[in-house]
Structure formats: structure tokens, C-alpha cells
file upload30.txt (compact mmCIF, C-alpha atoms)
# COMPACT_ATOMS: atom_id res chain seq x y z
CA MET N 1 180.01 135.16 131.88
CA ALA N 2 177.41 134.34 134.51
CA ARG N 3 173.95 133.57 133.30
CA SER N 4 171.10 135.64 134.68
CA MET N 5 168.81 133.72 137.00
CA HIS N 6 165.10 133.98 136.28
CA VAL N 7 163.05 133.10 139.36
CA ARG N 8 159.52 132.14 138.56
CA ARG N 9 157.06 134.25 140.47
CA PRO N 10 154.42 132.30 142.36
CA ALA N 11 151.00 132.37 140.81
CA THR N 12 148.36 134.63 142.28
CA LEU N 13 144.62 134.33 142.39
CA ALA N 14 144.39 136.81 139.51
CA SER N 15 146.97 135.05 137.33
CA LEU N 16 145.36 131.66 138.01
CA ALA N 17 141.95 133.04 137.03
CA ALA N 18 143.44 134.47 133.82
CA GLU N 19 145.11 131.13 132.99
CA LEU N 20 141.80 129.31 133.41
CA GLY N 21 139.68 131.98 131.78
CA VAL N 22 137.38 132.24 134.81
CA SER N 23 136.62 134.91 137.40
CA ARG N 24 138.62 135.32 140.58
CA THR N 25 135.44 134.50 142.50
CA THR N 26 135.35 131.10 140.80
CA VAL N 27 138.91 130.38 141.91
CA SER N 28 138.13 131.53 145.46
CA ASN N 29 135.03 129.33 145.55
CA ALA N 30 137.11 126.29 144.65
CA TYR N 31 138.83 126.68 148.01
CA ASN N 32 136.25 128.32 150.25
CA ARG N 33 132.85 127.37 148.78
CA PRO N 34 133.32 124.17 146.75
CA ASP N 35 129.57 123.53 146.69
CA GLN N 36 129.26 126.50 144.30
CA LEU N 37 131.23 124.71 141.54
CA SER N 38 130.78 121.53 139.61
CA PRO N 39 133.19 118.74 140.60
CA GLU N 40 134.83 118.93 137.16
CA LEU N 41 135.43 122.70 137.33
CA ARG N 42 136.78 122.55 140.88
CA ARG N 43 139.15 119.74 139.92
CA ARG N 44 140.40 121.77 136.92
CA VAL N 45 141.02 124.81 139.15
CA LEU N 46 142.93 122.81 141.76
CA ASP N 47 144.96 120.89 139.18
CA THR N 48 145.98 124.11 137.46
CA ALA N 49 146.81 125.72 140.82
CA ARG N 50 149.16 122.86 141.64
CA ARG N 51 150.81 123.09 138.21
CA LEU N 52 151.37 126.84 138.53
CA GLY N 53 152.40 126.71 142.19
CA TYR N 54 149.44 128.69 143.53
CA PRO N 55 149.39 128.13 147.34
CA GLY N 56 145.73 128.98 147.86
CA PRO N 57 144.01 132.01 149.41
CA ASP N 58 145.98 133.91 152.04
CA PRO N 59 144.46 132.89 155.39
CA VAL N 60 145.48 136.18 157.02
CA ALA N 61 143.78 138.20 154.33
CA ARG N 62 140.74 135.99 154.53
CA SER N 63 140.46 136.45 158.32
CA LEU N 64 140.74 140.22 157.91
CA ARG N 65 138.01 140.16 155.31
CA THR N 66 135.61 137.85 157.19
CA ARG N 67 136.65 138.92 160.70
CA LYS N 68 136.74 135.23 161.58
CA ALA N 69 139.88 133.34 162.60
CA GLY N 70 138.28 129.91 162.33
CA ALA N 71 139.74 128.76 165.65
CA VAL N 72 138.97 128.55 169.36
CA GLY N 73 141.67 129.51 171.84
CA LEU N 74 142.29 127.35 174.91
CA LEU N 75 144.00 129.33 177.66
CA LEU N 76 145.77 127.25 180.27
CA THR N 77 148.15 128.92 182.67
CA GLU N 78 150.66 126.10 182.50
CA ASN N 79 153.54 125.28 180.22
CA LEU N 80 152.44 123.78 176.90
CA SER N 81 153.58 120.26 177.79
CA TYR N 82 151.06 120.16 180.67
CA ALA N 83 148.18 119.77 178.19
CA PHE N 84 149.75 116.53 176.94
CA ARG N 85 151.10 115.26 180.26
CA ASP N 86 148.37 115.69 182.85
CA PRO N 87 145.67 112.98 182.45
CA ALA N 88 142.76 115.23 183.47
CA ALA N 89 143.95 117.97 181.10
CA ILE N 90 144.30 115.42 178.29
CA GLY N 91 140.71 114.28 178.80
CA PHE N 92 139.45 117.85 178.82
CA LEU N 93 141.44 118.68 175.69
CA GLU N 94 139.97 115.67 173.88
CA GLY N 95 136.42 116.75 174.74
CA LEU N 96 137.06 120.31 173.58
CA ALA N 97 138.62 119.02 170.35
CA LEU N 98 135.54 116.88 169.69
CA ALA N 99 133.29 119.93 170.05
CA CYS N 100 135.52 121.87 167.64
CA GLU N 101 135.42 118.99 165.16
CA ASP N 102 131.62 118.96 165.29
CA ALA N 103 131.58 122.70 164.56
CA GLY N 104 134.23 122.52 161.85
CA THR N 105 136.57 124.92 163.63
CA GLY N 106 140.19 124.76 164.72
CA LEU N 107 141.75 124.76 168.17
CA LEU N 108 144.68 126.94 169.24
CA LEU N 109 146.51 126.27 172.50
CA VAL N 110 147.46 129.48 174.29
CA PRO N 111 149.79 128.40 177.13
CA ALA N 112 150.90 130.92 179.73
CA ASN N 113 153.68 130.28 182.22
CA PRO N 114 152.06 130.47 185.71
CA GLU N 115 155.10 132.27 187.11
CA ARG N 116 155.17 135.05 184.50
CA GLU N 117 152.80 137.91 183.79
CA ASP N 118 153.52 138.34 180.08
CA VAL N 119 150.08 138.38 178.43
CA ALA N 120 151.34 138.93 174.88
CA SER N 121 150.31 135.40 173.85
CA VAL N 122 146.69 136.27 174.66
CA HIS N 123 146.79 139.50 172.66
CA ARG N 124 148.44 137.80 169.68
CA ALA N 125 146.07 134.83 169.51
CA GLY N 126 143.96 134.89 166.35
CA VAL N 127 140.84 133.23 167.70
CA ASP N 128 137.07 133.71 167.61
CA GLY N 129 136.67 132.99 171.33
CA PHE N 130 138.41 131.59 174.40
CA VAL N 131 137.95 128.62 176.67
CA VAL N 132 139.76 129.38 179.92
CA TYR N 133 140.84 126.20 181.71
CA SER N 134 141.17 126.35 185.49
CA VAL N 135 142.97 129.58 186.39
CA PRO N 136 143.02 131.73 189.56
CA ASP N 137 140.65 134.67 189.84
CA ASP N 138 143.56 137.16 189.86
CA ASP N 139 145.35 135.77 186.82
CA PRO N 140 146.54 138.52 184.45
CA HIS N 141 146.05 136.25 181.43
CA LEU N 142 142.38 135.88 182.35
CA ALA N 143 142.08 139.66 182.59
CA ALA N 144 143.65 139.95 179.13
CA VAL N 145 141.15 137.43 177.72
CA LEU N 146 138.22 139.36 179.15
CA GLU N 147 139.51 142.51 177.47
CA ARG N 148 139.15 140.86 174.07
CA PRO N 149 135.78 141.44 172.33
CA VAL N 150 135.15 137.72 171.83
CA PRO N 151 133.00 135.18 173.73
CA THR N 152 134.60 133.37 176.66
CA VAL N 153 133.79 130.21 178.60
CA VAL N 154 135.52 129.33 181.87
CA CYS N 155 135.99 125.69 182.84
CA ASP N 156 136.20 124.94 186.58
CA GLN N 157 137.60 128.20 187.87
CA PRO N 158 137.15 131.00 188.58
CA ASP N 159 133.40 131.05 189.14
CA MET N 160 132.84 134.69 188.25
CA GLY N 161 129.08 134.77 187.76
CA THR N 162 129.52 137.08 184.76
CA VAL N 163 130.96 134.61 182.22
CA ASP N 164 129.69 131.28 180.88
CA ARG N 165 131.10 128.43 182.98
CA VAL N 166 131.34 124.63 183.00
CA GLY N 167 132.20 122.85 186.23
CA ILE N 168 131.20 120.51 189.03
CA ASP N 169 130.23 120.85 192.68
CA ASP N 170 133.75 120.49 194.09
CA ARG N 171 132.68 121.30 197.63
CA GLY N 172 129.83 118.79 197.61
CA ALA N 173 131.95 116.07 195.99
CA MET N 174 134.71 116.38 198.56
CA TYR N 175 132.16 116.56 201.37
CA SER N 176 130.80 113.17 200.21
CA LEU N 177 134.30 111.71 200.16
CA ALA N 178 134.91 113.00 203.67
CA GLN N 179 131.64 111.45 204.83
CA HIS N 180 132.84 108.12 203.48
CA LEU N 181 136.03 108.35 205.51
CA ILE N 182 134.21 109.54 208.62
CA GLY N 183 131.83 106.61 208.27
CA LEU N 184 134.83 104.27 208.26
CA GLY N 185 135.96 105.83 211.55
CA HIS N 186 138.76 108.18 210.40
CA ARG N 187 139.25 111.29 212.52
CA ARG N 188 143.01 111.80 212.41
CA VAL N 189 143.72 112.74 208.81
CA GLY N 190 146.11 114.77 206.67
CA VAL N 191 145.51 116.60 203.40
CA VAL N 192 147.60 117.21 200.27
CA CYS N 193 146.30 119.90 197.91
CA MET N 194 147.26 121.56 194.63
CA ARG N 195 148.37 125.19 194.45
CA LEU N 196 146.08 127.73 196.09
CA ALA N 197 147.53 130.92 194.60
CA ARG N 198 149.99 132.21 192.01
CA ASP N 199 152.81 132.47 194.53
CA ARG N 200 154.81 129.30 195.11
CA ASN N 201 154.14 127.69 198.47
CA ASP N 202 155.43 124.15 198.87
CA GLY N 203 154.56 123.63 202.49
CA PHE N 204 151.91 123.73 205.18
CA VAL N 205 148.83 125.86 204.62
CA THR N 206 147.30 128.14 207.21
CA ALA N 207 143.55 128.49 207.63
CA GLU N 208 143.84 132.04 206.30
CA ARG N 209 145.50 130.85 203.08
CA GLN N 210 142.81 128.20 202.62
CA HIS N 211 139.99 130.74 202.97
CA ALA N 212 141.70 133.30 200.70
CA ALA N 213 142.71 130.83 197.96
CA HIS N 214 142.49 132.33 194.47
CA PHE N 215 142.02 128.87 192.96
CA HIS N 216 138.35 128.32 193.71
CA VAL N 217 138.37 124.58 193.02
CA GLN N 218 140.97 123.87 195.69
CA ARG N 219 139.34 126.32 198.09
CA ASN N 220 135.98 124.58 197.65
CA ARG N 221 137.43 121.09 198.05
CA LEU N 222 139.17 122.07 201.28
CA SER N 223 135.98 123.78 202.43
CA GLY N 224 133.99 120.58 201.83
CA LEU N 225 136.49 118.59 203.90
CA ALA N 226 136.49 121.17 206.69
CA GLU N 227 132.70 121.19 206.87
CA ALA N 228 132.38 117.41 207.05
CA PHE N 229 135.10 116.86 209.66
CA SER N 230 133.94 119.81 211.76
CA GLU N 231 130.46 118.28 211.85
CA ALA N 232 132.10 115.07 213.08
CA GLY N 233 133.73 116.95 215.97
CA VAL N 234 137.20 117.29 214.46
CA ASP N 235 139.04 120.58 214.93
CA TRP N 236 139.93 121.41 211.34
CA SER N 237 142.62 123.88 212.40
CA ARG N 238 144.61 120.93 213.77
CA ILE N 239 144.50 118.99 210.48
CA PRO N 240 147.84 119.21 208.59
CA VAL N 241 147.27 120.54 205.06
CA VAL N 242 150.24 120.62 202.69
CA GLU N 243 150.25 122.49 199.36
CA ARG N 244 152.27 121.78 196.23
CA PHE N 245 152.72 124.27 193.38
CA ASP N 246 153.68 121.68 190.76
CA HIS N 247 151.15 119.00 189.92
CA ASN N 248 153.00 115.73 189.39
CA ILE N 249 153.78 112.39 191.03
CA ALA N 250 156.94 113.72 192.68
CA SER N 251 154.92 116.48 194.36
CA GLY N 252 152.55 113.88 195.76
CA GLU N 253 155.46 111.88 197.12
CA SER N 254 157.15 114.82 198.83
CA ALA N 255 153.89 116.26 200.18
CA ALA N 256 152.87 112.91 201.64
CA ALA N 257 156.27 112.63 203.30
CA GLN N 258 155.83 116.09 204.81
CA VAL N 259 152.42 115.21 206.25
CA LEU N 260 153.54 111.83 207.59
CA ASP N 261 156.64 113.34 209.17
CA ALA N 262 154.45 115.93 210.89
CA ASP N 263 151.98 113.35 212.20
CA PRO N 264 152.99 109.69 211.79
CA GLN N 265 149.76 108.60 213.46
CA ILE N 266 147.31 109.83 210.85
CA THR N 267 145.06 107.06 209.54
CA ALA N 268 144.00 108.67 206.25
CA LEU N 269 145.69 110.92 203.71
CA ILE N 270 143.24 112.87 201.56
CA CYS N 271 144.69 114.11 198.26
CA CYS N 272 142.93 116.74 196.17
CA SER N 273 143.88 115.02 192.91
CA ASP N 274 144.61 111.48 191.73
CA ILE N 275 148.10 112.46 190.56
CA LEU N 276 149.01 113.59 194.09
CA ALA N 277 147.38 110.46 195.53
CA LEU N 278 149.41 108.16 193.28
CA GLY N 279 152.54 109.91 194.51
CA ALA N 280 151.36 109.48 198.09
CA MET N 281 150.94 105.75 197.49
CA ASN N 282 154.56 105.61 196.32
CA GLU N 283 155.68 107.31 199.52
CA ALA N 284 153.59 104.96 201.66
CA ALA N 285 155.20 101.98 199.96
CA ARG N 286 158.65 103.49 200.47
CA ARG N 287 157.92 103.71 204.20
CA GLY N 288 156.62 100.15 204.33
CA LEU N 289 153.05 101.26 205.07
CA ARG N 290 150.28 99.00 203.82
CA VAL N 291 147.41 100.75 202.03
CA PRO N 292 144.73 100.69 203.36
CA HIS N 293 145.59 98.61 206.45
CA ASP N 294 148.09 101.13 207.83
CA LEU N 295 147.04 104.18 205.84
CA THR N 296 143.97 105.04 203.79
CA ILE N 297 144.71 107.20 200.71
CA THR N 298 142.12 108.92 198.53
CA GLY N 299 142.23 111.06 195.40
CA PHE N 300 140.03 113.16 193.15
CA ASP N 301 139.44 113.09 189.35
CA GLY N 302 138.93 109.44 188.39
CA ILE N 303 141.77 109.18 185.85
CA ARG N 304 142.62 105.80 184.27
CA GLU N 305 145.80 105.41 186.29
CA ALA N 306 143.82 105.82 189.52
CA GLU N 307 141.29 103.24 188.40
CA ALA N 308 144.10 100.80 187.61
CA ALA N 309 145.54 101.34 191.10
CA GLY N 310 142.15 100.76 192.75
CA LEU N 311 142.20 104.26 194.26
CA THR N 312 139.23 105.52 196.24
CA THR N 313 138.43 108.78 194.49
CA VAL N 314 135.81 111.11 193.06
CA ARG N 315 135.28 110.58 189.35
CA GLN N 316 134.51 113.70 187.36
CA PRO N 317 133.61 113.76 183.63
CA VAL N 318 136.69 115.55 182.29
CA LEU N 319 136.00 114.72 178.63
CA GLU N 320 132.41 115.93 178.91
CA LYS N 321 133.68 119.12 180.55
CA GLY N 322 135.71 119.90 177.46
CA ARG N 323 132.88 119.04 175.10
CA ALA N 324 130.38 121.13 177.09
CA ALA N 325 132.76 124.11 177.19
CA GLY N 326 133.23 123.93 173.43
CA LYS N 327 129.50 123.68 172.78
CA LEU N 328 128.79 126.69 174.99
CA LEU N 329 131.42 128.77 173.25
CA LEU N 330 130.38 127.77 169.73
CA ASP N 331 126.66 128.17 170.34
CA THR N 332 125.56 130.97 168.02
CA ASN N 333 122.25 131.62 169.78
CA GLU N 334 121.80 135.05 171.31
CA ARG N 335 122.91 135.21 174.95
CA THR N 336 121.04 137.34 177.43
CA ARG N 337 122.77 136.17 180.61
CA PRO N 338 125.78 134.07 181.66
CA ARG N 339 125.12 130.34 181.39
CA SER N 340 126.33 127.62 183.73
CA VAL N 341 126.69 123.88 183.14
CA ASN N 342 127.17 121.79 186.29
CA LEU N 343 128.16 118.18 185.66
CA SER N 344 127.70 115.33 188.11
CA THR N 345 130.44 113.41 189.91
CA GLU N 346 130.63 109.91 191.36
CA LEU N 347 132.30 108.63 194.53
CA ILE N 348 134.37 105.56 193.62
CA VAL N 349 135.16 103.38 196.63
CA GLY N 350 138.27 101.44 195.71
CA LYS N 351 140.68 99.27 197.62
CA THR N 352 142.73 102.12 199.14
CA SER N 353 140.22 103.03 201.88
CA ALA N 354 139.26 100.99 204.92
CA ALA N 355 138.53 101.41 208.60
CA PRO N 356 141.53 102.70 210.59
CA ARG N 357 143.68 100.16 212.40
CA GLY N 358 142.67 99.44 215.99
CA ALA N 359 144.12 101.61 218.74
CA SER N 360 146.04 98.64 220.14
CA GLU N 361 147.25 97.46 216.76
CA GLU N 362 150.83 98.29 215.90
CA ARG N 363 151.87 99.58 212.51
CA TRP N 364 153.35 96.88 210.32
CA PHE N 365 156.66 97.57 208.64
CA GLY N 366 158.36 95.21 206.29
CA PRO N 367 158.21 93.53 202.90

call {"tool": "encode", "arguments": {"input": "upload30.txt", "output": "C-alpha cells"}}
result
Amino acid sequence: MARSMHVRRPATLASLAAELGVSRTTVSNAYNRPDQLSPELRRRVLDTARRLGYPGPDPVARSLRTRKAGAVGLLLTENLSYAFRDPAAIGFLEGLALACEDAGTGLLLVPANPEREDVASVHRAGVDGFVVYSVPDDDPHLAAVLERPVPTVVCDQPDMGTVDRVGIDDRGAMYSLAQHLIGLGHRRVGVVCMRLARDRNDGFVTAERQHAAHFHVQRNRLSGLAEAFSEAGVDWSRIPVVERFDHNIASGESAAAQVLDADPQITALICCSDILALGAMNEAARRGLRVPHDLTITGFDGIREAEAAGLTTVRQPVLEKGRAAGKLLLDTNERTRPRSVNLSTELIVGKTSAAPRGASEERWFGP
């Protein structure tokens, strides 16, 4: 005859309080407000809870009661792995995490596939506010965030003027980089940029697409280049600009190949990120081009890998961006108008930029 199985029910806050002979508030304070109890009493509560198998207060119930989730949501319209793969994103994430640590709050990553419009992840996120990291102005996930009755801070893009924002002067920074190249004597250049809109375009970019770009950062960087070279007498409409949807080394390699195939005589390749520039350097080496003797290559971001390669680039404070965004979001002071934090950048002249080869000098190919 089979024996009946008696499953022990898990302890509850009420049963734990009864076992200890204290109020339920005392038990709750042991977890949520330990400063309200003596160390001895709190230790007795926790020891008894472990013995009886009490798991602690229900976090869902607590959030419903306090209307606080205890976490900040980071929206990035990329796959989740991007936050741990892209060096600039990693730096930003570290800065945001430091701000959350200082405030004693958690951090929830809310990834959104850039090629899908499912905004359910935004609606489901149990957060007290959002940091939106570099999305286009027409992104449906951004629209879903703004529908939530919680504070929001945008980092980099879009610059809406109605929401708190942290960023840099992308146009001015790229203008300074262009001035450096113009001062070296470069006039025949090519450009490799990151995605300009939500639709995939892995190819040449028209002037109309540049001007209508929904990613403001890339639009401003291209605008800074166009302004500087136009002032130097270069017809910007004749400059080959190639766009890549995916942001990785392979994209930099293929984009550089596309530019160099279109105009083998360019003397400088301007990349709108260090990752793309590192890929371009791989392609230059594959073709036997010496950098910078045969081809100047520049980037943007100032990541460690670029510094190690001696890349001429614009260094931006990605970690401080994350920290500043977190501080803005977690600031409990009353807000009367949207706030903006603009961080400074620095032009880093490395070993990948030099004056263009002389007109009579032949390209050098070989080991």
C-alpha cells in the first residue's frame, strides 16, 4: 500500500512571524529596512527564515505596493549581444552601471531587434525609467518608451529637444577631423559610415539619404565633413560615401573595398567609427597599401583597440556618457524643462594619417 506523500508548504511571512512571536512588520523590516531592527533580532529572523524555507518578500508584490521596480531600463535597438561586443557600447554600459550602483538601483537591458517592430519588450519592462541609447528618431521602440509614464534620458540620438539628453557635438568633432586632413593636403577622400536609417542599405549613399538620415549622429558627422571639405573647394557630391547596416570589423572591410574599388586614387578614407576604421585597415593591408603612406585612415570613438593600432580618431568619453545619463535619470530634483549634457571630445592624431603621396609618386604594392 502506497504511503501518502506530505509536501511541506513553504513558510509565509505570516507563519514566520508566528514562529518568532513577532509582528509581520518586523519580519518585513529584516529584509527591507534592516536599520529598524537590532543586529541580533535581524539575525534571528533570517536564521529562522532559512530553517523554515521562507524565500523572502515577493518582489512583484512589493513593486505593486511601492510602485517602484528598483531598476533602470536601458533600451538599445540592437540584439542583446551587441551590449557586450561593441567596445563603445561596453564603455557606455559600464558608466551607466556605475551610476546605478551609486544610487543603489538595478539595471535591466531591454534589447530590441533593429529589423523588427515588436515593442512588447518595452511594455513588459518593469523599470522606474529608461535610458535610450542611440536610436533613430522614427524608432517604434522609442515611441513605446515615451508612452510610458516614467522619466526618460536619451544618449546621443535622437536630439528631440523635449527629453533629457546626453551627447557630444558630433558635427563639430568631425569638422575638426576633416580640417586636420585638409591641412595635410587631402582633397580626394572616401567615407564609410554606420547605418543612416532603419532600412538596410549596404552600399553607396546619395546626398538625399545623408540629409534625411534618421540617425542624427551619423547625419551630423557627415554634415561636418561636408561643410569642411566644401569650404576647401571640394564638391561633396562627388565624394563616395558607403553605408553599412551592421557595425563590425567585417563591415569595415567590405565597405573600404567598395570605396577603393570605386576610386582607387583616394588618399584618405574617413570612417565614422573606430570599428569600421579597423576593418578598413585590414582591407588596406590585404591590398598591399601602406597606411598612411599610400592611404590615410581615420576613425571616431577612441576605443582601446584604436589606440593600440595608433589610429587617428576622435576620442569621446563613452564611460562618462553612461554615468551622466544615469545621473540625469536618477536625479530626484523637480524638472521644469528638458536638460542637456554636452561632453567634450578630443582629436587624437595617430600614426594612420599623413600628407598624401606626391602626384608623381607611384603606389607601392608588396610585402

call {"tool": "residues_around", "arguments": {"input": "upload30.txt", "residues": "Val154 in chain N", "least_positions_apart": "3", "cutoff": "10 Å", "atoms": "all atoms listed in the file", "output": "list in words"}}
result
Leu74, Leu75, Phe130, Val131, Val132, Tyr133, Ser134, Val135, Leu142, Gln157, Pro158, Asp159, Met160, Val163, Asp164, Arg165, Val166, Gly167, Ala325, Leu328, Leu329 and Ser340 of chain N

call {"tool": "atom_distance", "arguments": {"input": "upload30.txt", "atom1": "CA of His141 in chain N", "atom2": "CA of Ala120 in chain N"}}
result
8.8 Å

call {"tool": "residues_around", "arguments": {"input": "upload30.txt", "residues": "range 201-209 of chain N", "least_positions_apart": "3", "cutoff": "6 Å", "atoms": "all atoms listed in the file", "output": "VMD selection string"}}
result
chain N and resid 212 to 213 241 to 244

call {"tool": "residues_around", "arguments": {"input": "upload30.txt", "residues": "Leu16 in chain N", "least_positions_apart": "6", "cutoff": "8 Å", "atoms": "all atoms listed in the file", "output": "ChimeraX atom specification"}}
result
/N:27,48-49,52,54

call {"tool": "residues_around", "arguments": {"input": "upload30.txt", "residues": "Glu307 in chain N", "least_positions_apart": "3", "cutoff": "12 Å", "atoms": "all atoms listed in the file", "output": "PDB file with C-alpha atoms, keeping the file's coordinate frame"}}
result
ATOM      1  CA  ASP N 274     144.610 111.480 191.730  1.00  0.00           C
ATOM      2  CA  ILE N 275     148.100 112.460 190.560  1.00  0.00           C
ATOM      3  CA  ALA N 277     147.380 110.460 195.530  1.00  0.00           C
ATOM      4  CA  LEU N 278     149.410 108.160 193.280  1.00  0.00           C
ATOM      5  CA  THR N 298     142.120 108.920 198.530  1.00  0.00           C
ATOM      6  CA  GLY N 299     142.230 111.060 195.400  1.00  0.00           C
ATOM      7  CA  PHE N 300     140.030 113.160 193.150  1.00  0.00           C
ATOM      8  CA  ASP N 301     139.440 113.090 189.350  1.00  0.00           C
ATOM      9  CA  GLY N 302     138.930 109.440 188.390  1.00  0.00           C
ATOM     10  CA  ILE N 303     141.770 109.180 185.850  1.00  0.00           C
ATOM     11  CA  ARG N 304     142.620 105.800 184.270  1.00  0.00           C
ATOM     12  CA  GLY N 310     142.150 100.760 192.750  1.00  0.00           C
ATOM     13  CA  LEU N 311     142.200 104.260 194.260  1.00  0.00           C
ATOM     14  CA  THR N 312     139.230 105.520 196.240  1.00  0.00           C
ATOM     15  CA  THR N 313     138.430 108.780 194.490  1.00  0.00           C
ATOM     16  CA  VAL N 314     135.810 111.110 193.060  1.00  0.00           C
ATOM     17  CA  ARG N 315     135.280 110.580 189.350  1.00  0.00           C
ATOM     18  CA  ILE N 348     134.370 105.560 193.620  1.00  0.00           C
ATOM     19  CA  VAL N 349     135.160 103.380 196.630  1.00  0.00           C
ATOM     20  CA  GLY N 350     138.270 101.440 195.710  1.00  0.00           C
ATOM     21  CA  LYS N 351     140.680  99.270 197.620  1.00  0.00           C
ATOM     22  CA  THR N 352     142.730 102.120 199.140  1.00  0.00           C
TER      23      THR N 352
END

call {"tool": "closest_residue", "arguments": {"input": "upload30.txt", "among": "N:Ile168, N:Ile266, N:Ile297, N:Val234", "to": "Val341 in chain N", "atoms": "all atoms listed in the file"}}
result
N:Ile168

call {"tool": "residues_around", "arguments": {"input": "upload30.txt", "residues": "Val259 in chain N", "least_positions_apart": "2", "cutoff": "7 Å", "atoms": "all atoms listed in the file", "output": "ChimeraX atom specification"}}
result
/N:190,240,242,255-257,261-263

call {"tool": "closest_residue", "arguments": {"input": "upload30.txt", "among": "N:Ile239, N:Val119, N:Cys193, N:Ala97", "to": "Ala71 in chain N", "atoms": "only C-alpha atoms"}}
result
N:Ala97

call {"tool": "build_atoms", "arguments": {"input": "upload30.txt", "residues": "range 239-247 of chain N", "atoms": "all heavy atoms", "output": "short mmCIF file (atom, residue, chain, number, x, y, z; two decimals), keeping the file's coordinate frame"}}
result
data_model
loop_
_atom_site.label_atom_id
_atom_site.label_comp_id
_atom_site.auth_asym_id
_atom_site.auth_seq_id
_atom_site.Cartn_x
_atom_site.Cartn_y
_atom_site.Cartn_z
N ILE N 239 144.23 119.93 211.57
CA ILE N 239 144.50 118.99 210.48
C ILE N 239 145.65 119.52 209.63
O ILE N 239 145.59 120.65 209.13
CB ILE N 239 143.25 118.80 209.58
CG1 ILE N 239 142.08 118.25 210.39
CG2 ILE N 239 143.56 117.89 208.40
CD1 ILE N 239 142.31 116.88 210.97
N PRO N 240 146.72 118.74 209.44
CA PRO N 240 147.84 119.21 208.59
C PRO N 240 147.43 119.22 207.11
O PRO N 240 147.01 118.20 206.56
CB PRO N 240 148.95 118.20 208.86
CG PRO N 240 148.24 116.96 209.31
CD PRO N 240 147.02 117.42 210.03
N VAL N 241 147.56 120.38 206.49
CA VAL N 241 147.27 120.54 205.06
C VAL N 241 148.56 121.02 204.39
O VAL N 241 149.11 122.05 204.78
CB VAL N 241 146.13 121.55 204.81
CG1 VAL N 241 145.89 121.72 203.31
CG2 VAL N 241 144.86 121.12 205.53
N VAL N 242 149.01 120.29 203.40
CA VAL N 242 150.24 120.62 202.69
C VAL N 242 149.91 120.94 201.23
O VAL N 242 149.16 120.21 200.59
CB VAL N 242 151.27 119.47 202.78
CG1 VAL N 242 152.42 119.69 201.80
CG2 VAL N 242 151.80 119.35 204.19
N GLU N 243 150.49 122.01 200.73
CA GLU N 243 150.25 122.49 199.36
C GLU N 243 151.47 122.21 198.48
O GLU N 243 152.61 122.28 198.93
CB GLU N 243 149.98 124.00 199.42
CG GLU N 243 149.80 124.68 198.09
CD GLU N 243 149.65 126.19 198.24
OE1 GLU N 243 149.62 126.69 199.39
OE2 GLU N 243 149.57 126.89 197.20
N ARG N 244 151.20 121.91 197.21
CA ARG N 244 152.27 121.78 196.23
C ARG N 244 151.93 122.62 195.00
O ARG N 244 150.84 122.55 194.48
CB ARG N 244 152.46 120.31 195.83
CG ARG N 244 153.22 119.49 196.88
CD ARG N 244 154.65 119.99 197.03
NE ARG N 244 155.44 119.22 197.99
CZ ARG N 244 155.53 119.51 199.28
NH1 ARG N 244 154.87 120.56 199.77
NH2 ARG N 244 156.29 118.78 200.08
N PHE N 245 152.91 123.40 194.55
CA PHE N 245 152.72 124.27 193.38
C PHE N 245 152.69 123.46 192.10
O PHE N 245 151.83 123.66 191.23
CB PHE N 245 153.84 125.30 193.32
CG PHE N 245 153.64 126.37 192.29
CD1 PHE N 245 152.90 127.51 192.58
CD2 PHE N 245 154.19 126.24 191.03
CE1 PHE N 245 152.71 128.50 191.62
CE2 PHE N 245 154.00 127.22 190.06
CZ PHE N 245 153.26 128.35 190.36
N ASP N 246 153.62 122.52 191.95
CA ASP N 246 153.68 121.68 190.76
C ASP N 246 152.78 120.46 190.93
O ASP N 246 152.75 119.85 192.00
CB ASP N 246 155.11 121.24 190.47
CG ASP N 246 156.03 122.41 190.16
OD1 ASP N 246 155.57 123.33 189.43
OD2 ASP N 246 157.17 122.43 190.65
N HIS N 247 152.10 120.11 189.86
CA HIS N 247 151.15 119.00 189.92
C HIS N 247 151.73 117.79 189.20
O HIS N 247 151.59 117.63 187.99
CB HIS N 247 149.81 119.42 189.27
CG HIS N 247 148.74 118.39 189.43
ND1 HIS N 247 147.99 117.92 188.39
CD2 HIS N 247 148.30 117.75 190.53
CE1 HIS N 247 147.12 117.04 188.83
NE2 HIS N 247 147.30 116.91 190.13
#
